[in-house]
$ cat final16.cif   # mmCIF, C-alpha atoms (C1' of nucleotides)
data_model
#
loop_
_atom_site.label_atom_id
_atom_site.label_comp_id
_atom_site.auth_asym_id
_atom_site.auth_seq_id
_atom_site.Cartn_x
_atom_site.Cartn_y
_atom_site.Cartn_z
CA MET A 107 28.76 -3.07 3.54
CA HIS A 108 27.57 -2.72 7.10
CA TYR A 109 25.65 -4.89 9.50
CA TRP A 110 22.73 -3.67 11.56
CA LEU A 111 20.42 -4.94 14.22
CA MET A 112 16.76 -3.93 14.10
CA LYS A 113 14.28 -4.76 16.83
CA SER A 114 10.62 -5.43 16.40
CA GLU A 115 7.95 -6.71 18.70
CA PRO A 116 6.68 -9.82 16.93
CA ASP A 117 3.12 -9.00 17.95
CA GLU A 118 3.56 -5.84 15.88
CA TYR A 119 5.71 -7.12 13.05
CA SER A 120 7.63 -10.40 13.00
CA ILE A 121 10.14 -12.12 10.76
CA ASP A 122 7.23 -14.22 9.49
CA ASP A 123 5.39 -11.07 8.47
CA LEU A 124 8.46 -9.93 6.56
CA GLU A 125 8.81 -13.32 4.89
CA ARG A 126 5.20 -13.01 3.74
CA ASP A 127 5.60 -9.41 2.58
CA GLY A 128 9.03 -9.71 1.01
CA VAL A 129 9.81 -6.01 1.32
CA GLU A 130 8.39 -3.62 3.89
CA MET A 131 8.92 -0.11 5.22
CA TRP A 132 10.60 -0.01 8.59
CA ASP A 133 8.20 2.62 9.84
CA GLY A 134 7.42 4.03 13.24
CA VAL A 135 10.94 4.69 14.50
CA ARG A 136 10.68 7.75 16.72
CA ASN A 137 14.12 7.96 18.20
CA TYR A 138 16.69 10.36 16.81
CA GLN A 139 19.70 8.11 17.12
CA ALA A 140 17.92 5.27 15.38
CA ARG A 141 16.68 7.64 12.71
CA ASN A 142 20.17 8.95 12.11
CA PHE A 143 21.47 5.47 11.51
CA MET A 144 18.78 4.85 8.92
CA ARG A 145 18.94 8.26 7.32
CA ASP A 146 22.69 8.82 7.31
CA GLU A 147 24.46 5.52 7.33
CA MET A 148 22.43 2.68 5.88
CA LYS A 149 23.21 1.55 2.36
CA VAL A 150 21.18 -0.63 0.05
CA GLY A 151 22.36 -4.20 0.50
CA ASP A 152 23.48 -3.84 4.12
CA THR A 153 22.68 -6.89 6.22
CA VAL A 154 20.10 -6.61 8.99
CA PHE A 155 19.72 -8.90 11.97
CA PHE A 156 16.00 -9.15 12.70
CA TYR A 157 15.48 -9.16 16.46
CA HIS A 158 12.29 -10.00 18.30
CA SER A 159 11.85 -7.97 21.49
CA ASN A 160 9.19 -8.09 24.16
CA THR A 161 8.31 -11.70 23.63
CA LYS A 162 8.75 -15.08 25.29
CA ARG A 163 12.04 -15.91 23.60
CA VAL A 164 13.85 -12.71 22.74
CA GLY A 165 16.61 -12.97 20.20
CA ILE A 166 17.66 -12.79 16.57
CA TYR A 167 15.22 -14.65 14.35
CA GLY A 168 16.64 -14.09 10.90
CA LEU A 169 18.20 -11.87 8.31
CA ALA A 170 16.99 -9.05 6.15
CA GLU A 171 18.72 -6.50 3.99
CA VAL A 172 18.36 -2.79 3.41
CA ALA A 173 16.25 -2.50 0.28
CA SER A 174 15.96 1.24 -0.34
CA ARG A 175 17.65 4.52 0.23
CA PRO A 176 16.25 6.49 3.17
CA TYR A 177 13.06 8.44 2.66
CA PRO A 178 10.57 10.27 4.89
CA ASP A 179 8.40 8.04 7.07
CA PRO A 180 4.88 8.52 5.67
CA THR A 181 3.23 7.34 8.90
CA ALA A 182 4.44 10.53 10.57
CA PHE A 183 2.14 12.53 8.25
CA ASP A 184 -0.92 10.35 8.75
CA LYS A 185 -3.29 11.62 11.42
CA ASN A 186 -4.89 8.21 11.69
CA ASP A 187 -1.63 6.36 12.23
CA LYS A 188 -0.48 5.64 15.73
CA HIS A 189 2.97 6.96 14.81
CA PHE A 190 1.56 10.30 13.64
CA ASP A 191 3.81 13.21 14.58
CA PRO A 192 2.37 16.66 13.86
CA ARG A 193 5.84 18.21 14.07
CA SER A 194 7.04 16.31 11.04
CA LYS A 195 6.25 18.33 7.90
CA ARG A 196 6.28 17.02 4.38
CA GLU A 197 8.54 19.88 3.34
CA ASP A 198 10.83 19.26 6.32
CA PRO A 199 10.38 15.70 7.56
CA THR A 200 11.52 14.72 11.01
CA TRP A 201 11.41 10.96 10.58
CA TYR A 202 13.06 8.79 7.96
CA LEU A 203 13.07 5.10 7.23
CA VAL A 204 14.38 2.50 4.82
CA ASP A 205 12.72 -0.50 3.26
CA VAL A 206 13.94 -3.91 4.34
CA ARG A 207 13.80 -7.13 2.34
CA PHE A 208 13.44 -10.61 3.80
CA LYS A 209 16.49 -12.81 3.38
CA GLN A 210 16.31 -15.71 5.78
CA LYS A 211 14.55 -17.02 8.84
CA PHE A 212 16.81 -18.98 11.15
CA GLU A 213 15.79 -22.53 11.91
CA HIS A 214 16.48 -21.75 15.54
CA PRO A 215 16.58 -18.20 16.88
CA ILE A 216 19.79 -17.02 18.47
CA THR A 217 18.43 -16.14 21.84
CA LEU A 218 19.46 -13.21 23.98
CA GLU A 219 20.28 -15.66 26.73
CA GLN A 220 22.62 -17.57 24.45
CA MET A 221 24.32 -14.38 23.30
CA LYS A 222 24.80 -13.15 26.86
CA GLN A 223 26.71 -16.30 27.69
CA ASP A 224 28.92 -16.07 24.61
CA LYS A 225 32.36 -14.69 25.40
CA LYS A 226 32.87 -13.72 21.78
CA LEU A 227 29.99 -11.28 22.02
CA GLU A 228 31.36 -9.36 24.97
CA GLY A 229 31.01 -5.69 24.13
CA PHE A 230 28.21 -6.17 21.61
CA ARG A 231 25.88 -3.22 21.89
CA LEU A 232 22.78 -5.37 22.08
CA LEU A 233 24.02 -6.77 25.37
CA ALA A 234 24.95 -3.44 26.96
CA LYS A 235 23.00 -2.65 30.07
CA GLY A 236 20.10 -0.34 29.42
CA ASN A 237 20.34 -0.51 25.65
CA ARG A 238 16.94 0.44 24.28
CA LEU A 239 17.90 1.55 20.80
CA SER A 240 15.85 -0.29 18.21
CA VAL A 241 18.28 0.27 15.32
CA PHE A 242 22.04 0.20 15.66
CA PRO A 243 25.17 -0.97 13.85
CA THR A 244 26.69 -4.34 14.58
CA GLU A 245 30.44 -4.52 14.33
CA GLU A 246 31.75 -7.00 11.82
CA ARG A 247 33.42 -9.25 14.36
CA TYR A 248 30.14 -9.70 16.20
CA ALA A 249 28.17 -10.06 12.98
CA LYS A 250 30.47 -12.76 11.65
CA HIS A 251 30.32 -14.62 14.91
CA ILE A 252 26.54 -14.47 15.08
CA LEU A 253 26.35 -15.77 11.51
CA SER A 254 28.62 -18.66 12.51
CA LEU A 255 26.07 -19.67 15.15
CA VAL A 256 23.20 -20.05 12.70
"C1'" DG B 262 2.58 -6.76 35.58
"C1'" DC B 263 6.86 -4.86 37.45
"C1'" DC B 264 10.47 -1.85 37.18
"C1'" DA B 265 15.23 -0.15 35.74
"C1'" DA B 266 17.12 2.52 32.30
"C1'" DC B 267 16.74 5.85 29.15
"C1'" DG B 268 15.00 9.86 26.11
"C1'" DT B 269 12.17 13.91 25.93
"C1'" DT B 270 9.72 17.82 27.66
"C1'" DG B 271 9.16 22.01 29.86
"C1'" DG B 272 9.57 25.23 33.87
"C1'" DC B 273 12.84 28.02 35.75
"C1'" DG C 196 21.54 25.16 30.58
"C1'" DC C 197 19.78 22.45 34.44
"C1'" DC C 198 17.00 18.98 36.08
"C1'" DA C 199 12.53 17.00 37.76
"C1'" DA C 200 8.70 14.84 35.85
"C1'" DC C 201 6.99 12.03 32.65
"C1'" DG C 202 6.55 8.50 28.97
"C1'" DT C 203 8.54 4.55 26.69
"C1'" DT C 204 11.33 0.44 26.06
"C1'" DG C 205 12.09 -4.08 26.92
"C1'" DG C 206 13.80 -7.94 29.93
"C1'" DC C 207 12.09 -10.67 33.33
#
$ encode --input "final16.cif" --output "structure tokens"
Amino acid sequence: MHYWLMKSEPDEYSIDDLERDGVEMWDGVRNYQARNFMRDEMKVGDTVFFYHSNTKRVGIYGLAEVASRPYPDPTAFDKNDKHFDPRSKREDPTWYLVDVRFKQKFEHPITLEQMKQDKKLEGFRLLAKGNRLSVFPTEERYAKHILSLV
DNA sequence: GCCAACGTTGGC
DNA sequence: GCCAACGTTGGC
């Protein structure tokens, strides 16, 4: 059982969208490191912190869980999709994803500002300078602490 | 909208 | 293999 953090721009896809949909593909990831985490390390049932980036109040807005094994990202094959990647072939896909299932929306988001000021989160990858990865593991000690703040 | 940080591309 | 140029991410 691992913990993950996954970022989304709420204008694109928010925790409210996931609550409405229940389960959704985490499509459009076009970064190899992030892909590798999804393809090689995620397990069904892993806990996901749902982070809103590029918005007024950035932070963790709720919880989801990994709801499928990894499979090829179909949007990479779709010419009409904005995440289309002609290099990804059906017989040899470049991009993979997992499904995520809504678990919980926090009553109050745990803001980035709050986390930055929290001594117990020193070293958490989210807070590292220049971190732009949209999918990455969250060590248990940080995960447990974040959950204690909810 | 700005811009620092980072990942990718491509010429050499 | 190096590295400059470019595109993207994401906080502010």
$ residues_near_point --input "final16.cif" --point "(19.1, -18.5, 15.6)" --cutoff "9 Å" --atoms "all atoms listed in the file" --output "list in words"
Gly165, Ile166, Tyr167, Gly168, Lys211, Phe212, Glu213, His214, Pro215, Ile216, Thr217, Ile252, Leu253, Leu255 and Val256 of chain A
$ resolve_selection --input "final16.cif" --expression "the PyMOL selection byres ((chain C) within 8 of (chain A))" --output "VMD selection string"
chain C and resid 204 to 206
$ residues_around --input "final16.cif" --residues "Tyr109 in chain A" --least-positions-apart "4" --cutoff "12 Å" --atoms "all atoms listed in the file" --output "list in words"
Phe143, Met144, Glu147, Met148, Lys149, Val150, Gly151, Asp152, Thr153, Val154, Phe155, Phe156, Leu169, Ala170, Glu171, Val172, Val241, Phe242, Pro243, Thr244, Glu245, Glu246, Arg247, Tyr248, Ala249, Lys250, Ile252 and Leu253 of chain A
$ residues_around --input "final16.cif" --residues "DC198 in chain C" --least-positions-apart "2" --cutoff "10 Å" --atoms "only C-alpha atoms (C1' of nucleotides)" --output "list of chain:residue names"
B:DG272, B:DC273, C:DG196, C:DA200
$ resolve_selection --input "final16.cif" --expression "the PyMOL selection byres ((chain B and resi 268) around 9)" --output "PyMOL selection string"
(chain A and resi 137) or (chain B and resi 267+269) or (chain C and resi 203)
$ residues_around --input "final16.cif" --residues "Arg193 in chain A" --least-positions-apart "6" --cutoff "9 Å" --atoms "only C-alpha atoms (C1' of nucleotides)" --output "ChimeraX atom specification"
/A:182-183,199-200
$ atom_distance --input "final16.cif" --atom1 "CA of Ser174 in chain A" --atom2 "CA of Val135 in chain A"
16.0 Å
$ atom_distance --input "final16.cif" --atom1 "CA of Pro180 in chain A" --atom2 "CA of Leu124 in chain A"
18.8 Å
$ atom_distance --input "final16.cif" --atom1 "CA of Leu203 in chain A" --atom2 "CA of His189 in chain A"
12.8 Å
$ build_atoms --input "final16.cif" --residues "range 164-175 of chain A" --atoms "all heavy atoms" --output "PDB file, keeping the file's coordinate frame"
ATOM      1  N   VAL A 164      13.268 -13.845  23.459  1.00  0.00           N
ATOM      2  CA  VAL A 164      13.850 -12.710  22.740  1.00  0.00           C
ATOM      3  C   VAL A 164      15.141 -13.146  22.080  1.00  0.00           C
ATOM      4  O   VAL A 164      15.901 -13.954  22.618  1.00  0.00           O
ATOM      5  CB  VAL A 164      14.093 -11.512  23.682  1.00  0.00           C
ATOM      6  CG1 VAL A 164      12.771 -10.932  24.129  1.00  0.00           C
ATOM      7  CG2 VAL A 164      14.923 -11.903  24.878  1.00  0.00           C
ATOM      8  N   GLY A 165      15.390 -12.618  20.903  1.00  0.00           N
ATOM      9  CA  GLY A 165      16.610 -12.970  20.200  1.00  0.00           C
ATOM     10  C   GLY A 165      16.532 -12.628  18.727  1.00  0.00           C
ATOM     11  O   GLY A 165      15.572 -12.005  18.263  1.00  0.00           O
ATOM     12  N   ILE A 166      17.578 -13.052  18.003  1.00  0.00           N
ATOM     13  CA  ILE A 166      17.660 -12.790  16.570  1.00  0.00           C
ATOM     14  C   ILE A 166      16.996 -13.949  15.832  1.00  0.00           C
ATOM     15  O   ILE A 166      17.376 -15.106  16.000  1.00  0.00           O
ATOM     16  CB  ILE A 166      19.124 -12.626  16.133  1.00  0.00           C
ATOM     17  CG1 ILE A 166      19.749 -11.418  16.847  1.00  0.00           C
ATOM     18  CG2 ILE A 166      19.209 -12.455  14.615  1.00  0.00           C
ATOM     19  CD1 ILE A 166      21.252 -11.305  16.657  1.00  0.00           C
ATOM     20  N   TYR A 167      16.024 -13.620  15.002  1.00  0.00           N
ATOM     21  CA  TYR A 167      15.220 -14.650  14.350  1.00  0.00           C
ATOM     22  C   TYR A 167      15.537 -14.838  12.883  1.00  0.00           C
ATOM     23  O   TYR A 167      15.041 -15.787  12.271  1.00  0.00           O
ATOM     24  CB  TYR A 167      13.728 -14.321  14.522  1.00  0.00           C
ATOM     25  CG  TYR A 167      13.198 -14.820  15.854  1.00  0.00           C
ATOM     26  CD1 TYR A 167      13.621 -14.232  17.049  1.00  0.00           C
ATOM     27  CD2 TYR A 167      12.321 -15.901  15.917  1.00  0.00           C
ATOM     28  CE1 TYR A 167      13.165 -14.707  18.269  1.00  0.00           C
ATOM     29  CE2 TYR A 167      11.858 -16.380  17.147  1.00  0.00           C
ATOM     30  CZ  TYR A 167      12.280 -15.780  18.311  1.00  0.00           C
ATOM     31  OH  TYR A 167      11.839 -16.259  19.514  1.00  0.00           O
ATOM     32  N   GLY A 168      16.328 -13.919  12.314  1.00  0.00           N
ATOM     33  CA  GLY A 168      16.640 -14.090  10.900  1.00  0.00           C
ATOM     34  C   GLY A 168      17.374 -12.910  10.336  1.00  0.00           C
ATOM     35  O   GLY A 168      17.864 -12.047  11.070  1.00  0.00           O
ATOM     36  N   LEU A 169      17.444 -12.902   9.017  1.00  0.00           N
ATOM     37  CA  LEU A 169      18.200 -11.870   8.310  1.00  0.00           C
ATOM     38  C   LEU A 169      17.321 -11.145   7.304  1.00  0.00           C
ATOM     39  O   LEU A 169      16.450 -11.739   6.666  1.00  0.00           O
ATOM     40  CB  LEU A 169      19.372 -12.492   7.537  1.00  0.00           C
ATOM     41  CG  LEU A 169      20.470 -13.169   8.346  1.00  0.00           C
ATOM     42  CD1 LEU A 169      21.501 -13.769   7.386  1.00  0.00           C
ATOM     43  CD2 LEU A 169      21.140 -12.184   9.290  1.00  0.00           C
ATOM     44  N   ALA A 170      17.616  -9.861   7.185  1.00  0.00           N
ATOM     45  CA  ALA A 170      16.990  -9.050   6.150  1.00  0.00           C
ATOM     46  C   ALA A 170      18.101  -8.217   5.532  1.00  0.00           C
ATOM     47  O   ALA A 170      19.264  -8.313   5.932  1.00  0.00           O
ATOM     48  CB  ALA A 170      15.900  -8.155   6.739  1.00  0.00           C
ATOM     49  N   GLU A 171      17.726  -7.417   4.535  1.00  0.00           N
ATOM     50  CA  GLU A 171      18.720  -6.500   3.990  1.00  0.00           C
ATOM     51  C   GLU A 171      18.053  -5.160   3.705  1.00  0.00           C
ATOM     52  O   GLU A 171      16.844  -5.082   3.478  1.00  0.00           O
ATOM     53  CB  GLU A 171      19.375  -7.063   2.730  1.00  0.00           C
ATOM     54  CG  GLU A 171      18.429  -7.200   1.557  1.00  0.00           C
ATOM     55  CD  GLU A 171      19.122  -7.789   0.327  1.00  0.00           C
ATOM     56  OE1 GLU A 171      20.321  -8.081   0.390  1.00  0.00           O
ATOM     57  OE2 GLU A 171      18.436  -7.946  -0.696  1.00  0.00           O
ATOM     58  N   VAL A 172      18.872  -4.126   3.728  1.00  0.00           N
ATOM     59  CA  VAL A 172      18.360  -2.790   3.410  1.00  0.00           C
ATOM     60  C   VAL A 172      18.002  -2.780   1.934  1.00  0.00           C
ATOM     61  O   VAL A 172      18.809  -3.145   1.078  1.00  0.00           O
ATOM     62  CB  VAL A 172      19.419  -1.712   3.731  1.00  0.00           C
ATOM     63  CG1 VAL A 172      18.918  -0.334   3.319  1.00  0.00           C
ATOM     64  CG2 VAL A 172      19.767  -1.733   5.219  1.00  0.00           C
ATOM     65  N   ALA A 173      16.762  -2.356   1.636  1.00  0.00           N
ATOM     66  CA  ALA A 173      16.250  -2.500   0.280  1.00  0.00           C
ATOM     67  C   ALA A 173      15.924  -1.172  -0.385  1.00  0.00           C
ATOM     68  O   ALA A 173      15.404  -1.144  -1.499  1.00  0.00           O
ATOM     69  CB  ALA A 173      15.009  -3.391   0.288  1.00  0.00           C
ATOM     70  N   SER A 174      16.206  -0.063   0.291  1.00  0.00           N
ATOM     71  CA  SER A 174      15.960   1.240  -0.340  1.00  0.00           C
ATOM     72  C   SER A 174      16.893   2.259   0.279  1.00  0.00           C
ATOM     73  O   SER A 174      17.462   2.033   1.347  1.00  0.00           O
ATOM     74  CB  SER A 174      14.521   1.697  -0.114  1.00  0.00           C
ATOM     75  OG  SER A 174      14.365   2.198   1.211  1.00  0.00           O
ATOM     76  N   ARG A 175      16.997   3.378  -0.409  1.00  0.00           N
ATOM     77  CA  ARG A 175      17.650   4.520   0.230  1.00  0.00           C
ATOM     78  C   ARG A 175      16.664   5.091   1.251  1.00  0.00           C
ATOM     79  O   ARG A 175      15.474   4.786   1.216  1.00  0.00           O
ATOM     80  CB  ARG A 175      18.014   5.541  -0.833  1.00  0.00           C
ATOM     81  CG  ARG A 175      18.931   4.932  -1.895  1.00  0.00           C
ATOM     82  CD  ARG A 175      19.360   5.938  -2.934  1.00  0.00           C
ATOM     83  NE  ARG A 175      20.218   6.954  -2.332  1.00  0.00           N
ATOM     84  CZ  ARG A 175      20.651   8.024  -3.010  1.00  0.00           C
ATOM     85  NH1 ARG A 175      20.276   8.209  -4.264  1.00  0.00           N
ATOM     86  NH2 ARG A 175      21.437   8.905  -2.429  1.00  0.00           N
TER      87      ARG A 175
END
